[in-house]
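Colleague: So that we are looking at the same thing, I have put the structure below in structure tokens.
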Amino acid sequence: MDRAIVIVAKRIEAAELARLVRSQFGDMVKYVVDLRRGVAAIGGQLHADAEQLLMVDGSRQEDLWGANYYPAMGAAAVEFTAMINIRPSQGNRSMEIVDPQIRQAVLELTRRLLGDGEDLA
């Protein structure tokens, strides 16, 4: 079964990540992390779809943050931008995650679950 979005709690296999990257954008994949649960929903066209999937799976919206992952980009692999990040009630008034602690937590979870920006080939 070809799943557009997958939820992972441990490091995703490189072949599965490559499939998700190719299936939508070719050079990147959208994903949403749950900082409380330590999981990520990877794939799909919209961060909102991954966010919804995680909430159905037991996540709370206030724990969810969206980003984009670019394999083969090394240190520049993570882009901390998503519409779901616009959250004035949590002090985030833009698409970009502005809180340095939240950015660092997203980065650490990204490295654990997706990778460090290495090439998938």
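Ligands are numbered from 1 in the order shown, residues from 1 within each chain, and chains are lettered A, B, ... in the order they appear in the structure tokens.
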Could you give me, as JSON lines, a per-residue list for range 63-99 of chain A showing, wherever an atom lies at most 8 Å from an atom of range 44-51 of chain A, the closest pair of atoms and their distance in Å to one decimal, using only C-alpha atoms and sorting by chain then residue number from low to high?
Modeller:
```
{"residue": "A:Leu64", "atom": "CA", "partner": "A:Glu51", "partner_atom": "CA", "distance": 6.9}
{"residue": "A:Gly66", "atom": "CA", "partner": "A:His47", "partner_atom": "CA", "distance": 6.2}
{"residue": "A:Ala67", "atom": "CA", "partner": "A:His47", "partner_atom": "CA", "distance": 7.9}
{"residue": "A:Ala82", "atom": "CA", "partner": "A:His47", "partner_atom": "CA", "distance": 6.6}
{"residue": "A:Met83", "atom": "CA", "partner": "A:His47", "partner_atom": "CA", "distance": 7.4}
{"residue": "A:Ile84", "atom": "CA", "partner": "A:Ala48", "partner_atom": "CA", "distance": 6.4}
```
Colleague: Can you tell me which residues surround Leu17 in chain A at a distance of at most 10 Å, considering only C-alpha atoms, apart from same-chain residues fewer than 2 positions away, and format the answer as a compact mmCIF listing (two decimals) with N, CA, C and O atoms, in the first residue's frame?
Modeller:
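What landed in out-v4.txt:
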```txt
# COMPACT_ATOMS: atom_id res chain seq x y z
N VAL A 6 3.37 8.97 6.59
CA VAL A 6 3.65 7.91 7.56
C VAL A 6 4.04 8.55 8.89
O VAL A 6 4.66 9.61 8.93
N ARG A 11 13.87 6.07 13.65
CA ARG A 11 14.46 6.53 12.39
C ARG A 11 13.80 5.86 11.18
O ARG A 11 13.73 4.63 11.10
N ILE A 12 13.33 6.67 10.26
CA ILE A 12 12.70 6.16 9.04
C ILE A 12 13.78 5.55 8.15
O ILE A 12 14.91 6.05 8.09
N GLU A 13 13.45 4.48 7.48
CA GLU A 13 14.38 3.86 6.54
C GLU A 13 14.65 4.82 5.37
O GLU A 13 13.74 5.50 4.90
N ALA A 14 15.88 4.87 4.92
CA ALA A 14 16.26 5.79 3.84
C ALA A 14 15.43 5.56 2.58
O ALA A 14 15.02 6.52 1.92
N ALA A 15 15.13 4.31 2.26
CA ALA A 15 14.33 4.01 1.06
C ALA A 15 12.91 4.54 1.20
O ALA A 15 12.34 5.06 0.23
N ARG A 19 11.18 7.52 -1.01
CA ARG A 19 9.88 7.35 -1.66
C ARG A 19 8.96 8.53 -1.36
O ARG A 19 8.32 9.08 -2.26
N LEU A 20 8.93 8.96 -0.11
CA LEU A 20 8.08 10.09 0.27
C LEU A 20 8.54 11.39 -0.39
O LEU A 20 7.72 12.20 -0.81
N VAL A 21 9.85 11.59 -0.48
CA VAL A 21 10.40 12.77 -1.14
C VAL A 21 9.99 12.78 -2.61
O VAL A 21 9.50 13.78 -3.13
N ARG A 22 10.18 11.66 -3.29
CA ARG A 22 9.84 11.56 -4.72
C ARG A 22 8.35 11.69 -4.98
O ARG A 22 7.94 12.22 -6.01
N SER A 23 7.52 11.21 -4.05
CA SER A 23 6.08 11.13 -4.31
C SER A 23 5.39 12.49 -4.40
O SER A 23 4.33 12.59 -5.01
N MET A 28 12.26 17.52 -1.57
CA MET A 28 11.99 17.74 -0.16
C MET A 28 10.73 17.03 0.26
O MET A 28 9.96 16.56 -0.57
N VAL A 29 10.55 16.95 1.59
CA VAL A 29 9.34 16.34 2.14
C VAL A 29 8.85 17.23 3.28
O VAL A 29 9.65 17.78 4.05
N ILE A 42 5.38 12.20 8.32
CA ILE A 42 6.21 12.60 7.20
C ILE A 42 5.46 12.36 5.90
O ILE A 42 4.93 11.27 5.68
N GLY A 43 5.45 13.38 5.02
CA GLY A 43 4.85 13.22 3.70
C GLY A 43 3.60 14.05 3.52
O GLY A 43 3.17 14.79 4.39
N PRO A 71 16.75 16.35 1.81
CA PRO A 71 17.88 15.42 1.84
C PRO A 71 19.04 15.97 1.01
O PRO A 71 18.83 16.74 0.07
N LEU A 114 14.52 11.61 10.93
CA LEU A 114 14.67 11.73 9.49
C LEU A 114 16.13 11.65 9.05
O LEU A 114 16.45 11.01 8.06
N GLY A 115 17.01 12.35 9.76
CA GLY A 115 18.41 12.33 9.39
C GLY A 115 19.07 13.67 9.56
O GLY A 115 18.46 14.63 10.04
N LEU A 120 20.20 10.53 0.11
CA LEU A 120 19.45 9.28 0.23
C LEU A 120 19.86 8.24 -0.80
O LEU A 120 19.41 7.12 -0.74
```
Colleague: Among chain A, which residues does DSSP mark as strand (DSSP E or B) when it is run on the backbone? Keep the chain and numbering as in the structure and answer as a ChimeraX atom specification.
Modeller: /A:5-8,29-34,39-43,64-69,78-79,81,87,92,96
Colleague: For range 107-110 of chain A, list every protein, DNA or RNA residue within 9 Å, evaluated using only C-alpha atoms, and leave out those in the same chain fewer than 5 positions away; present the list as a list in words.
Modeller: Val33, Asp34, Leu35, Gly38, Val39, Ala40, Tyr69, Val78, Phe80, Ile102, Gly115 and Asp116 of chain A
Colleague: May I have the selected residues written with N, CA and C atoms, as a PDB file, in the first residue's frame?
Modeller:
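Heads up, here's the output in again_21.pdb:
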```pdb
ATOM      1  N   VAL A  33       6.257  17.418  13.529  1.00  0.00           N
ATOM      2  CA  VAL A  33       6.729  16.694  14.707  1.00  0.00           C
ATOM      3  C   VAL A  33       5.820  16.972  15.893  1.00  0.00           C
ATOM      4  N   ASP A  34       5.702  15.978  16.746  1.00  0.00           N
ATOM      5  CA  ASP A  34       5.032  16.128  18.035  1.00  0.00           C
ATOM      6  C   ASP A  34       6.142  16.135  19.073  1.00  0.00           C
ATOM      7  N   LEU A  35       6.436  17.296  19.621  1.00  0.00           N
ATOM      8  CA  LEU A  35       7.548  17.417  20.558  1.00  0.00           C
ATOM      9  C   LEU A  35       7.292  16.693  21.866  1.00  0.00           C
ATOM     10  N   GLY A  38       7.417  12.738  20.724  1.00  0.00           N
ATOM     11  CA  GLY A  38       8.642  12.325  20.044  1.00  0.00           C
ATOM     12  C   GLY A  38       8.407  11.556  18.767  1.00  0.00           C
ATOM     13  N   VAL A  39       7.351  11.904  18.044  1.00  0.00           N
ATOM     14  CA  VAL A  39       7.023  11.244  16.781  1.00  0.00           C
ATOM     15  C   VAL A  39       6.922  12.290  15.682  1.00  0.00           C
ATOM     16  N   ALA A  40       6.901  11.820  14.440  1.00  0.00           N
ATOM     17  CA  ALA A  40       6.733  12.713  13.295  1.00  0.00           C
ATOM     18  C   ALA A  40       5.820  12.061  12.271  1.00  0.00           C
ATOM     19  N   TYR A  69      12.013  19.079   5.013  1.00  0.00           N
ATOM     20  CA  TYR A  69      13.307  18.399   5.077  1.00  0.00           C
ATOM     21  C   TYR A  69      13.831  18.195   3.663  1.00  0.00           C
ATOM     22  N   VAL A  78      16.916  21.469   7.057  1.00  0.00           N
ATOM     23  CA  VAL A  78      15.635  21.750   7.713  1.00  0.00           C
ATOM     24  C   VAL A  78      15.231  23.201   7.491  1.00  0.00           C
ATOM     25  N   PHE A  80      12.257  25.615   8.798  1.00  0.00           N
ATOM     26  CA  PHE A  80      11.292  25.660   9.899  1.00  0.00           C
ATOM     27  C   PHE A  80      10.047  26.463   9.542  1.00  0.00           C
ATOM     28  N   ILE A 102      12.172  25.909  20.715  1.00  0.00           N
ATOM     29  CA  ILE A 102      11.310  25.041  19.900  1.00  0.00           C
ATOM     30  C   ILE A 102      12.053  24.631  18.633  1.00  0.00           C
ATOM     31  N   GLY A 115      17.011  12.348   9.762  1.00  0.00           N
ATOM     32  CA  GLY A 115      18.407  12.328   9.392  1.00  0.00           C
ATOM     33  C   GLY A 115      19.066  13.675   9.558  1.00  0.00           C
ATOM     34  N   ASP A 116      20.308  13.757   9.108  1.00  0.00           N
ATOM     35  CA  ASP A 116      21.134  14.964   9.228  1.00  0.00           C
ATOM     36  C   ASP A 116      21.321  15.673   7.893  1.00  0.00           C
TER      37      ASP A 116
END
```
Colleague: Could you state the separation of CA of Met73 in chain A and CA of Glu118 in chain A in Å, given to one decimal place?
Modeller: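 Here the two named atoms are 6.7 Å from each other.
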Colleague: Between CA of Ile5 in chain A and CA of Pro100 in chain A, what distance in Å does the model show, to one decimal?
Modeller: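 A separation of 27.2 Å between them.
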Colleague: Within 7 Å of Gly117 in chain A, counting only C-alpha atoms, which residues show up once you throw out same-chain ones fewer than 3 positions away? Write them as a ChimeraX atom specification, please.
Modeller: /A:70-75,77
Colleague: Using CA of Gln101 in chain A and CA of Leu53 in chain A as the two end points, give the distance in Å to one decimal.
Modeller: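 Between CA of Gln101 in chain A and CA of Leu53 in chain A the gap is 24.7 Å.
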Colleague: Give the helix (DSSP H, G or I) residues of range 12-72 of chain A, as DSSP finds them on the backbone, and put them as a VMD selection string.
Modeller: chain A and resid 14 to 24 47 to 56 61 to 63
Colleague: Let me make sure I understand: among A:Arg103, A:Lys30, A:Arg87, A:Arg93, which one has the smallest atom-to-atom distance to Asn68 in chain A if we use only C-alpha atoms?
Modeller: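 Counting only C-alpha atoms, the residue closest to Asn68 in chain A is A:Lys30.
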